[in-house]
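Text of the file coords-v4.cif, holding mmCIF, C-alpha atoms, pLDDT in the B column; chains and numbers go by the auth columns:
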```cif
data_entry
#
loop_
_atom_site.group_PDB
_atom_site.id
_atom_site.type_symbol
_atom_site.label_atom_id
_atom_site.label_comp_id
_atom_site.label_asym_id
_atom_site.label_seq_id
_atom_site.Cartn_x
_atom_site.Cartn_y
_atom_site.Cartn_z
_atom_site.B_iso_or_equiv
_atom_site.auth_seq_id
_atom_site.auth_asym_id
ATOM 1 C CA MET A 1 -27.391 -24.643 -3.715 39.00 9 T
ATOM 2 C CA ALA A 2 -24.441 -23.024 -1.900 39.00 10 T
ATOM 3 C CA ARG A 3 -23.323 -26.429 -0.592 36.00 11 T
ATOM 4 C CA GLN A 4 -23.430 -27.858 -4.112 39.00 12 T
ATOM 5 C CA GLN A 5 -21.256 -25.002 -5.381 38.00 13 T
ATOM 6 C CA GLU A 6 -18.829 -25.457 -2.476 39.00 14 T
ATOM 7 C CA ALA A 7 -18.615 -29.207 -3.084 39.00 15 T
ATOM 8 C CA ALA A 8 -18.016 -28.646 -6.801 42.00 16 T
ATOM 9 C CA ALA A 9 -15.245 -26.155 -6.027 43.00 17 T
ATOM 10 C CA GLY A 10 -13.265 -28.743 -4.058 42.00 18 T
ATOM 11 C CA PRO A 11 -12.124 -29.219 -0.488 43.00 19 T
ATOM 12 C CA ARG A 12 -10.870 -26.330 1.660 47.00 20 T
ATOM 13 C CA ASP A 13 -8.213 -28.150 3.620 50.00 21 T
ATOM 14 C CA THR A 14 -4.541 -29.084 3.429 55.00 22 T
ATOM 15 C CA GLU A 15 -5.307 -32.243 1.421 61.00 23 T
ATOM 16 C CA TRP A 16 -6.088 -30.155 -1.647 66.00 24 T
ATOM 17 C CA ALA A 17 -3.355 -29.745 -4.264 78.00 25 T
ATOM 18 C CA ILE A 18 -2.876 -29.110 -7.962 86.00 26 T
ATOM 19 C CA ALA A 19 -0.842 -31.820 -9.686 87.00 27 T
ATOM 20 C CA GLY A 20 2.645 -30.531 -10.476 85.00 28 T
ATOM 21 C CA LEU A 21 2.422 -27.448 -8.268 92.00 29 T
ATOM 22 C CA SER A 22 4.019 -28.580 -5.013 92.00 30 T
ATOM 23 C CA ALA A 23 7.718 -29.407 -4.650 90.00 31 T
ATOM 24 C CA MET A 24 9.737 -31.066 -1.881 91.00 32 T
ATOM 25 C CA GLY A 25 12.564 -28.528 -1.830 91.00 33 T
ATOM 26 C CA PRO A 26 14.630 -26.088 -3.873 93.00 34 T
ATOM 27 C CA PHE A 27 15.716 -26.874 -7.430 93.00 35 T
ATOM 28 C CA GLY A 28 19.209 -28.366 -7.075 91.00 36 T
ATOM 29 C CA SER A 29 21.407 -26.178 -9.279 91.00 37 T
ATOM 30 C CA MET A 30 19.807 -22.965 -7.954 92.00 38 T
ATOM 31 C CA LYS A 31 19.672 -23.941 -4.273 95.00 39 T
ATOM 32 C CA ASP A 32 21.931 -21.126 -3.011 95.00 40 T
ATOM 33 C CA LYS A 33 20.083 -18.338 -4.860 96.00 41 T
ATOM 34 C CA LEU A 34 16.712 -19.808 -3.888 97.00 42 T
ATOM 35 C CA ALA A 35 17.610 -19.624 -0.191 97.00 43 T
ATOM 36 C CA LEU A 36 16.711 -15.910 -0.068 98.00 44 T
ATOM 37 C CA PHE A 37 12.995 -16.757 0.083 98.00 45 T
ATOM 38 C CA GLY A 38 13.443 -20.489 0.699 98.00 46 T
ATOM 39 C CA GLN A 39 14.421 -19.678 4.284 98.00 47 T
ATOM 40 C CA PHE A 40 10.769 -18.808 4.939 98.00 48 T
ATOM 41 C CA VAL A 41 9.316 -22.150 3.788 98.00 49 T
ATOM 42 C CA GLY A 42 7.097 -23.352 6.615 97.00 50 T
ATOM 43 C CA ASP A 43 4.285 -21.994 8.752 97.00 51 T
ATOM 44 C CA TRP A 44 4.295 -18.658 10.557 98.00 52 T
ATOM 45 C CA ASP A 45 2.087 -16.697 12.953 96.00 53 T
ATOM 46 C CA ILE A 46 1.520 -13.003 12.392 95.00 54 T
ATOM 47 C CA VAL A 47 1.842 -12.021 16.041 91.00 55 T
ATOM 48 C CA GLU A 48 0.918 -8.400 15.426 86.00 56 T
ATOM 49 C CA ALA A 49 -0.080 -6.547 12.277 81.00 57 T
ATOM 50 C CA LEU A 50 -0.563 -2.784 12.295 83.00 58 T
ATOM 51 C CA TYR A 51 -2.429 -1.166 9.410 76.00 59 T
ATOM 52 C CA SER A 52 -2.678 2.571 8.835 71.00 60 T
ATOM 53 C CA LEU A 53 -6.316 3.549 8.377 62.00 61 T
ATOM 54 C CA PRO A 54 -7.410 6.112 5.746 65.00 62 T
ATOM 55 C CA VAL A 55 -9.248 8.066 8.459 65.00 63 T
ATOM 56 C CA GLY A 56 -6.183 8.106 10.724 68.00 64 T
ATOM 57 C CA GLY A 57 -5.053 5.752 13.450 70.00 65 T
ATOM 58 C CA GLU A 58 -4.183 2.083 13.128 73.00 66 T
ATOM 59 C CA ALA A 59 -5.896 -1.298 13.171 78.00 67 T
ATOM 60 C CA VAL A 60 -4.203 -4.226 14.939 82.00 68 T
ATOM 61 C CA ARG A 61 -4.708 -7.771 13.633 87.00 69 T
ATOM 62 C CA ARG A 62 -3.263 -11.287 13.900 92.00 70 T
ATOM 63 C CA GLY A 63 -2.948 -13.999 11.280 95.00 71 T
ATOM 64 C CA GLU A 64 -0.860 -16.676 9.573 96.00 72 T
ATOM 65 C CA ILE A 65 1.511 -17.059 6.636 97.00 73 T
ATOM 66 C CA HIS A 66 2.281 -20.369 4.925 97.00 74 T
ATOM 67 C CA PHE A 67 5.289 -20.574 2.542 98.00 75 T
ATOM 68 C CA ARG A 68 5.838 -23.574 0.235 97.00 76 T
ATOM 69 C CA TRP A 69 8.143 -24.661 -2.584 97.00 77 T
ATOM 70 C CA ILE A 70 6.351 -24.956 -5.938 97.00 78 T
ATOM 71 C CA LEU A 71 7.069 -25.736 -9.600 96.00 79 T
ATOM 72 C CA GLU A 72 9.934 -28.220 -9.157 95.00 80 T
ATOM 73 C CA GLY A 73 11.379 -26.050 -6.386 96.00 81 T
ATOM 74 C CA ARG A 74 12.051 -23.171 -8.780 97.00 82 T
ATOM 75 C CA ALA A 75 9.583 -20.859 -7.009 97.00 83 T
ATOM 76 C CA VAL A 76 8.138 -20.100 -3.569 98.00 84 T
ATOM 77 C CA GLN A 77 4.457 -19.429 -2.953 98.00 85 T
ATOM 78 C CA ASP A 78 2.867 -18.101 0.196 98.00 86 T
ATOM 79 C CA VAL A 79 -0.649 -17.520 1.480 97.00 87 T
ATOM 80 C CA TRP A 80 -1.259 -14.658 3.911 96.00 88 T
ATOM 81 C CA SER A 81 -4.379 -14.940 6.101 95.00 89 T
ATOM 82 C CA MET A 82 -5.836 -12.791 8.848 92.00 90 T
ATOM 83 C CA ILE A 83 -8.020 -13.783 11.790 92.00 91 T
ATOM 84 C CA ASP A 84 -11.514 -12.345 11.465 89.00 92 T
ATOM 85 C CA GLU A 85 -12.232 -10.387 14.640 86.00 93 T
ATOM 86 C CA LYS A 86 -15.901 -11.403 14.776 90.00 94 T
ATOM 87 C CA SER A 87 -15.883 -15.065 13.722 92.00 95 T
ATOM 88 C CA HIS A 88 -12.270 -15.810 14.802 90.00 96 T
ATOM 89 C CA GLU A 89 -11.864 -17.768 11.557 93.00 97 T
ATOM 90 C CA ILE A 90 -8.748 -17.636 9.401 92.00 98 T
ATOM 91 C CA VAL A 91 -9.556 -15.635 6.252 92.00 99 T
ATOM 92 C CA PRO A 92 -7.098 -15.821 3.335 93.00 100 T
ATOM 93 C CA ALA A 93 -6.075 -12.335 2.190 94.00 101 T
ATOM 94 C CA GLY A 94 -3.889 -13.220 -0.776 97.00 102 T
ATOM 95 C CA THR A 95 -0.977 -15.154 -2.206 98.00 103 T
ATOM 96 C CA THR A 96 2.461 -14.334 -3.551 98.00 104 T
ATOM 97 C CA ILE A 97 4.363 -16.326 -6.158 98.00 105 T
ATOM 98 C CA ARG A 98 8.044 -15.496 -6.555 98.00 106 T
ATOM 99 C CA PHE A 99 10.937 -16.924 -8.550 98.00 107 T
ATOM 100 C CA TYR A 100 14.613 -16.111 -9.025 98.00 108 T
ATOM 101 C CA ASP A 101 15.705 -14.660 -12.399 98.00 109 T
ATOM 102 C CA PRO A 102 19.448 -15.171 -13.002 97.00 110 T
ATOM 103 C CA LYS A 103 19.435 -12.612 -15.855 98.00 111 T
ATOM 104 C CA ILE A 104 18.776 -9.770 -13.401 98.00 112 T
ATOM 105 C CA ASP A 105 20.093 -11.512 -10.247 97.00 113 T
ATOM 106 C CA ALA A 106 16.791 -10.759 -8.526 98.00 114 T
ATOM 107 C CA TRP A 107 13.377 -12.242 -7.859 98.00 115 T
ATOM 108 C CA HIS A 108 10.122 -11.568 -9.711 99.00 116 T
ATOM 109 C CA SER A 109 7.247 -11.532 -7.247 99.00 117 T
ATOM 110 C CA VAL A 110 3.502 -11.139 -7.805 99.00 118 T
ATOM 111 C CA TRP A 111 0.968 -10.532 -5.020 98.00 119 T
ATOM 112 C CA VAL A 112 -2.613 -11.555 -5.882 98.00 120 T
ATOM 113 C CA SER A 113 -5.489 -10.643 -3.583 96.00 121 T
ATOM 114 C CA PRO A 114 -9.103 -10.998 -4.721 95.00 122 T
ATOM 115 C CA VAL A 115 -10.105 -9.580 -1.312 91.00 123 T
ATOM 116 C CA GLN A 116 -8.181 -6.363 -2.072 90.00 124 T
ATOM 117 C CA ASN A 117 -8.954 -6.493 -5.815 93.00 125 T
ATOM 118 C CA SER A 118 -5.197 -6.333 -6.319 94.00 126 T
ATOM 119 C CA VAL A 119 -2.452 -7.787 -8.506 96.00 127 T
ATOM 120 C CA GLN A 120 0.942 -6.239 -7.734 97.00 128 T
ATOM 121 C CA PRO A 121 4.238 -7.151 -9.400 98.00 129 T
ATOM 122 C CA PHE A 122 7.531 -6.552 -7.572 99.00 130 T
ATOM 123 C CA VAL A 123 11.245 -7.123 -8.091 99.00 131 T
ATOM 124 C CA ALA A 124 13.011 -8.365 -4.947 99.00 132 T
ATOM 125 C CA ARG A 125 16.673 -8.218 -3.943 98.00 133 T
ATOM 126 C CA LYS A 126 18.760 -8.650 -0.834 98.00 134 T
ATOM 127 C CA VAL A 127 19.844 -5.214 0.405 98.00 135 T
ATOM 128 C CA GLY A 128 22.236 -5.524 3.338 98.00 136 T
ATOM 129 C CA GLU A 129 20.489 -7.813 5.823 98.00 137 T
ATOM 130 C CA GLU A 130 17.020 -7.075 4.430 99.00 138 T
ATOM 131 C CA ILE A 131 14.967 -8.322 1.500 99.00 139 T
ATOM 132 C CA VAL A 132 13.434 -5.404 -0.395 99.00 140 T
ATOM 133 C CA LEU A 133 10.625 -5.801 -2.931 99.00 141 T
ATOM 134 C CA GLU A 134 10.079 -2.769 -5.157 99.00 142 T
ATOM 135 C CA GLY A 135 6.889 -2.044 -7.072 98.00 143 T
ATOM 136 C CA LYS A 136 4.033 0.440 -7.412 97.00 144 T
ATOM 137 C CA THR A 137 0.809 1.000 -5.483 93.00 145 T
ATOM 138 C CA LYS A 138 -2.552 0.833 -7.281 89.00 146 T
ATOM 139 C CA GLU A 139 -2.339 4.618 -7.500 92.00 147 T
ATOM 140 C CA GLY A 140 1.092 4.487 -9.175 94.00 148 T
ATOM 141 C CA TYR A 141 3.284 5.519 -6.216 96.00 149 T
ATOM 142 C CA ALA A 142 6.614 3.775 -5.592 98.00 150 T
ATOM 143 C CA GLU A 143 6.201 1.095 -2.942 97.00 151 T
ATOM 144 C CA ARG A 144 8.566 -1.193 -1.048 98.00 152 T
ATOM 145 C CA TRP A 145 7.810 -4.332 0.914 98.00 153 T
ATOM 146 C CA VAL A 146 10.640 -5.104 3.322 99.00 154 T
ATOM 147 C CA PHE A 147 11.544 -8.283 5.231 99.00 155 T
ATOM 148 C CA SER A 148 13.911 -7.346 8.079 98.00 156 T
ATOM 149 C CA GLU A 149 15.321 -8.629 11.378 98.00 157 T
ATOM 150 C CA ILE A 150 15.289 -12.098 9.787 99.00 158 T
ATOM 151 C CA THR A 151 16.171 -15.102 11.961 98.00 159 T
ATOM 152 C CA THR A 152 15.234 -18.782 11.678 97.00 160 T
ATOM 153 C CA LYS A 153 12.397 -18.149 14.163 98.00 161 T
ATOM 154 C CA SER A 154 11.084 -14.683 13.319 98.00 162 T
ATOM 155 C CA PHE A 155 11.104 -11.683 11.011 98.00 163 T
ATOM 156 C CA ARG A 156 9.550 -8.279 10.634 98.00 164 T
ATOM 157 C CA TRP A 157 7.741 -7.148 7.502 97.00 165 T
ATOM 158 C CA HIS A 158 6.555 -3.723 6.477 97.00 166 T
ATOM 159 C CA SER A 159 5.240 -1.903 3.440 95.00 167 T
ATOM 160 C CA GLU A 160 6.077 1.694 2.708 96.00 168 T
ATOM 161 C CA GLU A 161 5.255 4.111 -0.075 95.00 169 T
ATOM 162 C CA THR A 162 6.430 7.506 -1.237 96.00 170 T
ATOM 163 C CA HIS A 163 4.373 10.304 -2.765 94.00 171 T
ATOM 164 C CA ASP A 164 7.370 12.613 -3.356 95.00 172 T
ATOM 165 C CA ASP A 165 9.728 10.519 -5.511 93.00 173 T
ATOM 166 C CA GLY A 166 11.539 8.910 -2.584 94.00 174 T
ATOM 167 C CA LYS A 167 12.253 11.973 -0.445 96.00 175 T
ATOM 168 C CA THR A 168 10.083 10.575 2.331 94.00 176 T
ATOM 169 C CA TRP A 169 8.565 7.137 2.895 95.00 177 T
ATOM 170 C CA LEU A 170 5.335 6.419 4.797 91.00 178 T
ATOM 171 C CA ILE A 171 4.941 3.024 6.483 92.00 179 T
ATOM 172 C CA THR A 172 1.454 1.722 5.665 91.00 180 T
ATOM 173 C CA GLU A 173 1.633 -1.768 7.215 92.00 181 T
ATOM 174 C CA GLN A 174 3.997 -3.518 9.604 94.00 182 T
ATOM 175 C CA MET A 175 4.042 -7.011 11.036 94.00 183 T
ATOM 176 C CA LYS A 176 5.888 -9.054 13.617 96.00 184 T
ATOM 177 C CA VAL A 177 6.019 -12.666 12.461 97.00 185 T
ATOM 178 C CA ARG A 178 7.101 -15.786 14.376 98.00 186 T
ATOM 179 C CA ARG A 179 7.635 -19.335 13.067 98.00 187 T
ATOM 180 C CA LYS A 180 4.960 -21.741 14.319 96.00 188 T
ATOM 181 C CA LEU A 181 6.182 -24.246 16.857 84.00 189 T
ATOM 182 C CA THR A 182 6.071 -27.827 15.628 75.00 190 T
ATOM 183 C CA ALA A 183 4.956 -30.711 17.812 60.00 191 T
ATOM 184 C CA SER A 184 7.912 -32.824 18.948 52.00 192 T
#
```

Would you mind writing the file's structure down as structure tokens?
Amino acid sequence: MARQQEAAAGPRDTEWAIAGLSAMGPFGSMKDKLALFGQFVGDWDIVEALYSLPVGGEAVRRGEIHFRWILEGRAVQDVWSMIDEKSHEIVPAGTTIRFYDPKIDAWHSVWVSPVQNSVQPFVARKVGEEIVLEGKTKEGYAERWVFSEITTKSFRWHSEETHDDGKTWLITEQMKVRRKLTAS
């Protein structure tokens, strides 16, 4: 029965696609503005991910991120996956869809994670040399997701939240990410 359900759901490989979703590159007239997140299009390894645990301490994980152009190149979608420590399989954690809004000169971004039972909207802007996404935690606290130390081959990412209206910020996750090497 499980195999029948899996077969009915569709393949679980890179051949799978929804008609009209994928795009070959950025939408022409918005190319410059789309470069903020377009620079990440490709495949990345999460070399090290540190998560703060509710009981104290940290958990260290590894994983992958895959960024792609979607919807005529007007948006960028990613899938974040972690490596399961027991099975060593790649387990998708969630996906983000983001698009540039010229009316506010910023990006709308939505993280969706069935694993975390989470849907989180953010607004993203370039701040200095960083990309800062601002939103709220499930509990209603201000939260920022920050891409920093960005190069063509690597970046750092962290999430932080405040429980005192921005006086102090607590880092809850941080990752070192490196672009996957392509076969020559």

Checklist entry - So what do you get for CA of His116 (chain T) versus CA of Thr104 (chain T), distance-wise? => result 10.2 Å

Next on the checklist: Just want the 12 Å neighbourhood of Ser156 (chain T), counted on all atoms listed in the file, with same-chain residues fewer than 3 positions away dropped. Output as a ChimeraX atom specification.
Outcome noted: /T:134-141,153,159,162-167,182-185

Same residues, C-alpha atoms, saved as a PDB file, in the frame of the given file:
```
ATOM      1  CA  LYS T 134      18.760  -8.650  -0.834  1.00 98.00           C
ATOM      2  CA  VAL T 135      19.844  -5.214   0.405  1.00 98.00           C
ATOM      3  CA  GLY T 136      22.236  -5.524   3.338  1.00 98.00           C
ATOM      4  CA  GLU T 137      20.489  -7.813   5.823  1.00 98.00           C
ATOM      5  CA  GLU T 138      17.020  -7.075   4.430  1.00 99.00           C
ATOM      6  CA  ILE T 139      14.967  -8.322   1.500  1.00 99.00           C
ATOM      7  CA  VAL T 140      13.434  -5.404  -0.395  1.00 99.00           C
ATOM      8  CA  LEU T 141      10.625  -5.801  -2.931  1.00 99.00           C
ATOM      9  CA  TRP T 153       7.810  -4.332   0.914  1.00 98.00           C
ATOM     10  CA  THR T 159      16.171 -15.102  11.961  1.00 98.00           C
ATOM     11  CA  SER T 162      11.084 -14.683  13.319  1.00 98.00           C
ATOM     12  CA  PHE T 163      11.104 -11.683  11.011  1.00 98.00           C
ATOM     13  CA  ARG T 164       9.550  -8.279  10.634  1.00 98.00           C
ATOM     14  CA  TRP T 165       7.741  -7.148   7.502  1.00 97.00           C
ATOM     15  CA  HIS T 166       6.555  -3.723   6.477  1.00 97.00           C
ATOM     16  CA  SER T 167       5.240  -1.903   3.440  1.00 95.00           C
ATOM     17  CA  GLN T 182       3.997  -3.518   9.604  1.00 94.00           C
ATOM     18  CA  MET T 183       4.042  -7.011  11.036  1.00 94.00           C
ATOM     19  CA  LYS T 184       5.888  -9.054  13.617  1.00 96.00           C
ATOM     20  CA  VAL T 185       6.019 -12.666  12.461  1.00 97.00           C
TER      21      VAL T 185
END
```

Checklist entry - Can you list, as a PyMOL selection string, the residues that the PyMOL selection byres ((chain T and resi 108-111) around 9) selects here? => result chain T and resi 38+41-42+82-83+106-107+112-117+132

Item to check | Near-region 90-100 of chain T list (7 Å; all atoms listed in the file; drop same-chain fewer than 3 positions) as a PyMOL selection string | outcome: chain T and resi 70-72+87

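Atom pair CA of Val49 (chain T) / CA of Glu168 (chain T) has a distance of 24.1 Å (rounded to one decimal).
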
Checklist entry - Could you spell out the hits of the PyMOL selection byres ((chain T and resi 189) around 12) on the shown file, as a PyMOL selection string? => result chain T and resi 50-53+160-162+186-188+190-192

Checklist entry - Hey, which of T:Gly81, T:Gly174, T:Gly143, T:Gly65 ends up closest to Lys39 (chain T)? Count all atoms listed in the file. => result T:Gly81

Checklist entry - Given the file above and the PyMOL selection byres ((chain T and resi 126) around 12), which residues are selected, and can you give them as a ChimeraX atom specification? => result /T:101-104,118-125,127-129,144-147

For the selection just defined, write its residues with C-alpha atoms to a file, as a PDB file, keeping the file's coordinate frame.
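File produced: part_0.pdb:
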```pdb
ATOM      1  CA  ALA T 101      -6.075 -12.335   2.190  1.00 94.00           C
ATOM      2  CA  GLY T 102      -3.889 -13.220  -0.776  1.00 97.00           C
ATOM      3  CA  THR T 103      -0.977 -15.154  -2.206  1.00 98.00           C
ATOM      4  CA  THR T 104       2.461 -14.334  -3.551  1.00 98.00           C
ATOM      5  CA  VAL T 118       3.502 -11.139  -7.805  1.00 99.00           C
ATOM      6  CA  TRP T 119       0.968 -10.532  -5.020  1.00 98.00           C
ATOM      7  CA  VAL T 120      -2.613 -11.555  -5.882  1.00 98.00           C
ATOM      8  CA  SER T 121      -5.489 -10.643  -3.583  1.00 96.00           C
ATOM      9  CA  PRO T 122      -9.103 -10.998  -4.721  1.00 95.00           C
ATOM     10  CA  VAL T 123     -10.105  -9.580  -1.312  1.00 91.00           C
ATOM     11  CA  GLN T 124      -8.181  -6.363  -2.072  1.00 90.00           C
ATOM     12  CA  ASN T 125      -8.954  -6.493  -5.815  1.00 93.00           C
ATOM     13  CA  VAL T 127      -2.452  -7.787  -8.506  1.00 96.00           C
ATOM     14  CA  GLN T 128       0.942  -6.239  -7.734  1.00 97.00           C
ATOM     15  CA  PRO T 129       4.238  -7.151  -9.400  1.00 98.00           C
ATOM     16  CA  LYS T 144       4.033   0.440  -7.412  1.00 97.00           C
ATOM     17  CA  THR T 145       0.809   1.000  -5.483  1.00 93.00           C
ATOM     18  CA  LYS T 146      -2.552   0.833  -7.281  1.00 89.00           C
ATOM     19  CA  GLU T 147      -2.339   4.618  -7.500  1.00 92.00           C
TER      20      GLU T 147
END
```

Checklist entry - CA of Ser30 (chain T) and CA of Gly46 (chain T), how far apart in Å? => result 13.7 Å
